[in-house]
Amino acid sequence: MKTRFRNSRYRKIALIGSSIVFFLCFQSFAIDKAKISVDVNKPGHAIAPNLFGIFFEDINLSADGGIYPELVRNRSFEDADTLQNWKFTSANNQSKALVCTANVLSRQPVTPLNAFNRKSLLIDANGLFKMENEGYFGMNAVQGNSYTFKMAARTSTNFNSSVKVRLVGSNGKELASGEIKGFDEKWQYFSLTLTPSTTDPKAHLEISGEGTGKLYLDMVSLMPDKTWKNSGLRVDLAQAIDALHPKFFRFPGGCWVEGEDFEHMYHWKNTIGNIDSRTSLWNIWGYNATHGLGYHEYLQMAEDLGAEPLFCINAGVSHKETVSTDRIGPWIQDALDAIEYANGPLTSVWGSIRAKNGHPAPFNLKYLEIGNENFGKEYFANYELIAKAVLAKYPDMKLIANDWSGGHPTEPSPELIDEHYYNNPDWFVLNATKYDGYDRKGPKIFIGEYAVTSGSGKGNLRGAIGEAAWMTGMERNSDIVEMGAYAPLFCNANHKRWPINLINYDSYRWYGLPSYYVQEMFANNQGTVTLPVNVEGGPQVEMPSSSGRIGLGTWNNTAEFKDLKVVAPDGKMLYQSDFSKSIDDWTKTGQGDWSVKDGILKQSAIATGVTAFVGDKSWKNYTVTLKARKLSGENGFQIYFHNTGKGERIRWDIGGYNNTTNEMQIGLNAGSMKGSLEPGRWYDVKLEILDNAVKGYLDGKLVQEVSNGQLNTKSICASASRDDKSGDIIVKVVNTAAIAVKTTIALQGVTNITGTGTAIVLTSANALDENTLDAPTKVAPKTETVKFSGTKINRSFPANSLTILRLSNNK
């Protein structure tokens, strides 16, 4: 179900853009009545204890400017060769400020603060000077709270003036100040405690002085003394994720793990130890990461949250590069060293370094994910070598492999395979039963990333309800789905690089999407064992239909096509071409090079996203036949159908993903399988599209088919469980319909139900309602008491709602 953009995040965005946005319809019969049966005396499987967790990626200023509470931006002047994020002024422009590097200052070398932090700020003073930093869109100064200011400084000439440090409010008034003096030719650290006299979320830092000479500054920092559990995290944001009671914590990404190239991939060894010597790294999401939140801090965060740490490592694959197996050694060693750092004894090299960094006891890392959204033969080969090396030294480590485009490594067998899903609300509703029919004999499933990311505004109630429907499927199938995490977790409202994010904030406030409360409700009401649940009646989802043109395409390869026909089910010829003339009248996308010669249509450009479309947007059911062959390049060829616009990618992709995979999409559903094409060989291709079902044939043999027949058609989605600790029976009911549904819940096989309980309800007056910084709880759950008699509950579930019933049971 993924498109073929190499950058994984952009692959996801492309998927969102290429999916047809369907609005679910509900048939008119029995629209307001449903029945939910729960077999209380027939418990099913135990619910996976780590089912609901969180995923952290440094995206949208999630770390710097987010949960890592450094108030100064570009504190070590590593961001750029100019004074980025700092404003410098001086009297008559006589003083100058330059970002310096080692060996760049007139004819004399500049001694850096350390070997890893080689840039510093030179103030060439000649009178008054002042520099200002507003941090990450304003510094939150809270009256009475203390903040520690630190900086490193030295001088190479006789600079004997003092420096004034001020915290200044948005109105220009001083909130706190202090003085630093005593500089000499050696780097020294200086610190002050600043305690604001007034609260101002848009304060800024000023450093000023008056004198002559050269003064160097580095690691200019302002941190709040009050942090969550004294662990160095922003209090309110840490509390927000703690309220989700995550059972696991996946870090540090994401695309951040892969990097755009190997130079910019995540290297955990550069993120531990002394803050001043951590190597910053340009983040693909548009900013420099200081790594103040590093590998050690991630492990500490997991421990403080009571969550299992899950470390994701690079598998020798970046967005643009792949390392061969004969050069994978450093990646293997990094993985082994990371485990030793987390778990090794004090007598081990990396265990002793962990202890030196403040944590003598092991962190007990159990989960290691090898790669992120990787695929293809290089990944499979690298995975095998890394996994074998890890298991040879750490046989109890639980390994996670990527399942991307219908395939995952099998040797050595992973404990879990990681699947990612981003789409619109309707897709999640329709796929709420996706795992009901999954093969129970293979590896368990880790849904490492999922979220509604389109068709839901900036994150509205409708999106949350789609996810809630999906999560009932996760819980019902928690014998196969062991772990799952919403993504992304955090977003600074001033630096949004992903369309919809769970927790949004500025310098002093935060709010959760309605989806946040769905996550909280599920995580805080997870039973220990499933109970069989059956839904009857209620509004039925009417399967949407689609129509459109056909198309031919390539991706980083060349190919040829001939003898194209499009035939309706009644035998009517809708389109036919022997390619005796050009295709100038076709609609084209991408930088293709199309030509016609001797009855053959050829695409000669090695480029991505090359397509050509022809036909009528009203075509619904039809059969496409043609001959096609791959000539050169990475992949095979694509046959498009039901196309109405240039951005849509509903297709049969044959020999995709470096000629390893056949992928078939029909808008609401998709299927992937292993498949490759022989270059230069003509294939007879047939594609049958009939009533939301597609069949693909090669050389007369049925190769692949996908239909919407297995999709969920019930507007009421439910799961049920029992909590063996409290004895409560927990029933989760999601009404995805646009109308309230009167429902009877029948508790079968139970006689000792007390007739009391609570109902936690998430809904709102409008499905499009959203939370904001100014209205953070517009859509938030409400709790009420439930009283009933006997073993039946009659209740009307509001339109677009999630209701969790906790019913007391005398064990």
# chains A, B, ... in the order shown; residues from 1 in each chain; ligands from 1
$ residues_around --residues "segment 379-394 of chain A" --least-positions-apart "3" --cutoff "9 Å" --atoms "only C-alpha atoms" --output "ChimeraX atom specification"
/A:315-317,322-325,328-329,331-333,335-336,339,370-371,374-376,397-399,401,408-414
$ residues_around --residues "segment 637-648 of chain A" --least-positions-apart "5" --cutoff "8 Å" --atoms "only C-alpha atoms" --output "list of chain:residue names"
A:Gly17, A:Ser18, A:Ser19, A:Ile20, A:Ser546, A:Ser547, A:Gly548, A:Arg549, A:Ile550, A:Gly551, A:Leu552, A:Gly553, A:Thr554, A:Trp555, A:Ala559, A:Lys588, A:Thr589, A:Phe613, A:Lys617, A:Trp619, A:Lys620, A:Ala628, A:Arg629, A:Lys630, A:Asp653, A:Ile654, A:Gly655, A:Gly656
$ closest_residue --among "A:Ala80, A:Ala451, A:Ile54, A:Val703" --to "Phe249 of chain A" --atoms "only C-alpha atoms"
A:Ile54
$ closest_residue --among "A:His291, A:Lys269, A:Lys366, A:Tyr421" --to "Arg354 of chain A" --atoms "only C-alpha atoms"
A:Lys269
$ select_by_dssp --residues "segment 360-389 of chain A" --states "helix (DSSP H, G or I)" --output "tab-separated table (two decimals) with C-alpha atoms, in the first residue's frame"
chain	number	residue	atom	x	y	z
A	376	GLY	CA	14.85	-4.97	-1.15
A	377	LYS	CA	17.68	-7.45	-1.42
A	378	GLU	CA	20.30	-5.16	0.16
A	379	TYR	CA	18.17	-4.69	3.26
A	380	PHE	CA	17.39	-8.40	3.49
A	381	ALA	CA	21.09	-9.28	3.25
A	382	ASN	CA	22.15	-6.63	5.78
A	383	TYR	CA	19.38	-7.61	8.17
A	384	GLU	CA	20.56	-11.22	8.15
A	385	LEU	CA	24.14	-10.30	9.04
A	386	ILE	CA	23.16	-7.80	11.75
A	387	ALA	CA	20.52	-10.11	13.25
A	388	LYS	CA	22.83	-13.14	13.36
A	389	ALA	CA	25.56	-11.12	15.06
$ select_by_dssp --residues "segment 602-707 of chain A" --states "strand (DSSP E or B)" --output "MDAnalysis selection string"
chainID A and resid 602:603 610:614 622:633 637:643 651:655 661:665 670:674 683:689 693:698 701:707
$ residues_around --residues "Val761 of chain A" --least-positions-apart "3" --cutoff "8 Å" --atoms "only C-alpha atoms" --output "VMD selection string"
chain A and resid 781 to 783 801 to 804
$ atom_distance --atom1 "atom CA of Pro679 of chain A" --atom2 "atom CA of Thr558 of chain A"
9.9 Å
$ residues_around --residues "Thr433 of chain A" --least-positions-apart "5" --cutoff "7 Å" --atoms "only C-alpha atoms" --output "list in words"
Gly473, Leu711 and Asn712 of chain A
$ write_last_selection --atoms "N, CA and C atoms" --output "compact mmCIF listing (two decimals), in the first residue's frame"
# COMPACT_ATOMS: atom_id res chain seq x y z
N GLY A 473 -9.78 -3.30 16.31
CA GLY A 473 -9.22 -4.44 15.59
C GLY A 473 -7.88 -4.85 16.15
N LEU A 711 -13.29 -6.08 3.54
CA LEU A 711 -13.33 -4.84 4.32
C LEU A 711 -14.50 -4.83 5.29
N ASN A 712 -14.35 -4.04 6.34
CA ASN A 712 -15.39 -3.90 7.34
C ASN A 712 -16.57 -3.12 6.77
$ residues_around --residues "Lys565 of chain A" --least-positions-apart "3" --cutoff "9 Å" --atoms "only C-alpha atoms" --output "PDB file with N, CA and C atoms, in the first residue's frame"
ATOM      1  N   MET A 573     -15.549  -2.289 -27.258  1.00  0.00           N
ATOM      2  CA  MET A 573     -14.185  -1.784 -27.253  1.00  0.00           C
ATOM      3  C   MET A 573     -14.203  -0.317 -26.808  1.00  0.00           C
ATOM      4  N   LEU A 574     -13.637  -0.046 -25.653  1.00  0.00           N
ATOM      5  CA  LEU A 574     -13.581   1.315 -25.141  1.00  0.00           C
ATOM      6  C   LEU A 574     -12.400   2.084 -25.712  1.00  0.00           C
ATOM      7  N   TYR A 575     -11.313   1.379 -25.946  1.00  0.00           N
ATOM      8  CA  TYR A 575     -10.120   2.028 -26.487  1.00  0.00           C
ATOM      9  C   TYR A 575      -9.216   0.962 -27.082  1.00  0.00           C
ATOM     10  N   GLN A 576      -8.522   1.335 -28.167  1.00  0.00           N
ATOM     11  CA  GLN A 576      -7.574   0.418 -28.786  1.00  0.00           C
ATOM     12  C   GLN A 576      -6.495   1.237 -29.491  1.00  0.00           C
ATOM     13  N   SER A 577      -5.251   0.797 -29.381  1.00  0.00           N
ATOM     14  CA  SER A 577      -4.168   1.476 -30.079  1.00  0.00           C
ATOM     15  C   SER A 577      -3.112   0.473 -30.513  1.00  0.00           C
ATOM     16  N   ASP A 578      -2.719   0.592 -31.783  1.00  0.00           N
ATOM     17  CA  ASP A 578      -1.601  -0.215 -32.274  1.00  0.00           C
ATOM     18  C   ASP A 578      -0.313   0.610 -32.288  1.00  0.00           C
ATOM     19  N   THR A 623     -11.603  -4.400 -18.897  1.00  0.00           N
ATOM     20  CA  THR A 623     -10.421  -5.254 -18.944  1.00  0.00           C
ATOM     21  C   THR A 623      -9.373  -4.585 -19.830  1.00  0.00           C
ATOM     22  N   VAL A 624      -8.158  -4.497 -19.308  1.00  0.00           N
ATOM     23  CA  VAL A 624      -7.041  -3.927 -20.062  1.00  0.00           C
ATOM     24  C   VAL A 624      -6.121  -5.061 -20.486  1.00  0.00           C
ATOM     25  N   THR A 625      -5.800  -5.129 -21.762  1.00  0.00           N
ATOM     26  CA  THR A 625      -4.826  -6.104 -22.254  1.00  0.00           C
ATOM     27  C   THR A 625      -3.767  -5.371 -23.062  1.00  0.00           C
ATOM     28  N   LEU A 626      -2.539  -5.863 -22.981  1.00  0.00           N
ATOM     29  CA  LEU A 626      -1.430  -5.296 -23.743  1.00  0.00           C
ATOM     30  C   LEU A 626      -0.229  -6.211 -23.603  1.00  0.00           C
TER      31      LEU A 626
END
$ closest_residue --among "A:Gly455, A:Pro252, A:Val481, A:Ile745" --to "Leu768 of chain A" --atoms "only C-alpha atoms"
A:Gly455
$ residues_around --residues "segment 507-517 of chain A" --least-positions-apart "5" --cutoff "8 Å" --atoms "only C-alpha atoms" --output "NGL selection string"
:A and (65 or 136-140 or 201-202 or 236-237 or 459-461 or 463-465 or 467 or 501-502 or 762 or 770-773 or 776-777 or 779-781)
$ write_last_selection --atoms "N, CA and C atoms" --output "compact mmCIF listing (two decimals), in the first residue's frame"
# COMPACT_ATOMS: atom_id res chain seq x y z
N GLY A 65 13.39 22.51 21.11
CA GLY A 65 12.16 23.27 20.90
C GLY A 65 10.93 22.53 21.34
N TYR A 136 13.11 29.22 20.84
CA TYR A 136 12.20 28.56 19.92
C TYR A 136 10.85 29.27 19.92
N PHE A 137 10.84 30.44 19.26
CA PHE A 137 9.63 31.25 19.11
C PHE A 137 9.16 31.79 20.46
N GLY A 138 10.12 32.20 21.25
CA GLY A 138 9.83 32.78 22.55
C GLY A 138 10.25 31.86 23.68
N MET A 139 10.83 32.45 24.75
CA MET A 139 11.25 31.69 25.92
C MET A 139 10.19 31.82 27.00
N ASN A 140 9.78 30.72 27.56
CA ASN A 140 8.76 30.74 28.61
C ASN A 140 9.40 31.03 29.95
N PRO A 201 5.62 34.20 28.40
CA PRO A 201 5.95 33.08 27.53
C PRO A 201 6.71 33.49 26.28
N LYS A 202 6.88 34.79 26.05
CA LYS A 202 7.57 35.27 24.86
C LYS A 202 8.81 36.08 25.23
N ASP A 236 5.44 19.77 31.27
CA ASP A 236 4.08 19.55 30.78
C ASP A 236 4.05 18.54 29.63
N LEU A 237 5.06 18.55 28.76
CA LEU A 237 5.06 17.62 27.64
C LEU A 237 5.36 16.20 28.10
N GLY A 459 -6.59 17.59 12.35
CA GLY A 459 -6.69 16.54 13.35
C GLY A 459 -8.01 16.65 14.08
N ASN A 460 -9.10 16.23 13.44
CA ASN A 460 -10.43 16.43 14.03
C ASN A 460 -11.00 15.15 14.62
N LEU A 461 -12.24 15.27 15.13
CA LEU A 461 -12.90 14.13 15.75
C LEU A 461 -13.05 12.98 14.77
N GLY A 463 -11.20 12.00 12.33
CA GLY A 463 -9.96 11.24 12.23
C GLY A 463 -9.75 10.35 13.42
N ALA A 464 -10.03 10.88 14.62
CA ALA A 464 -9.86 10.10 15.85
C ALA A 464 -10.78 8.89 15.86
N ILE A 465 -12.00 9.04 15.36
CA ILE A 465 -12.95 7.93 15.35
C ILE A 465 -12.49 6.84 14.38
N GLU A 467 -9.40 6.11 13.73
CA GLU A 467 -8.32 5.41 14.44
C GLU A 467 -8.88 4.52 15.54
N ASN A 501 -0.39 15.74 13.97
CA ASN A 501 0.50 15.28 15.03
C ASN A 501 -0.26 15.21 16.35
N LEU A 502 0.08 14.23 17.19
CA LEU A 502 -0.73 13.91 18.35
C LEU A 502 -0.75 15.02 19.40
N LEU A 762 -16.08 9.87 24.25
CA LEU A 762 -15.43 10.91 23.44
C LEU A 762 -16.30 11.19 22.23
N GLU A 770 -12.18 20.33 16.23
CA GLU A 770 -10.76 20.14 16.53
C GLU A 770 -10.42 20.83 17.84
N ASN A 771 -9.33 20.40 18.45
CA ASN A 771 -8.75 21.10 19.59
C ASN A 771 -7.68 22.07 19.09
N THR A 772 -7.42 23.11 19.87
CA THR A 772 -6.42 24.11 19.53
C THR A 772 -5.68 24.54 20.79
N LEU A 773 -4.64 25.36 20.63
CA LEU A 773 -3.94 25.88 21.80
C LEU A 773 -4.87 26.73 22.66
N PRO A 776 -8.03 23.78 24.14
CA PRO A 776 -7.34 22.48 24.13
C PRO A 776 -8.23 21.28 24.41
N THR A 777 -9.38 21.48 25.03
CA THR A 777 -10.24 20.35 25.39
C THR A 777 -11.64 20.48 24.79
N VAL A 779 -12.71 18.91 22.28
CA VAL A 779 -13.07 17.50 22.10
C VAL A 779 -12.27 16.70 23.10
N ALA A 780 -12.90 16.29 24.17
CA ALA A 780 -12.24 15.56 25.25
C ALA A 780 -13.25 14.61 25.88
N PRO A 781 -12.78 13.53 26.48
CA PRO A 781 -13.71 12.54 27.04
C PRO A 781 -14.41 13.03 28.29
$ closest_residue --among "A:Glu340, A:Glu206, A:Glu297, A:Asp58" --to "Val257 of chain A" --atoms "only C-alpha atoms"
A:Asp58
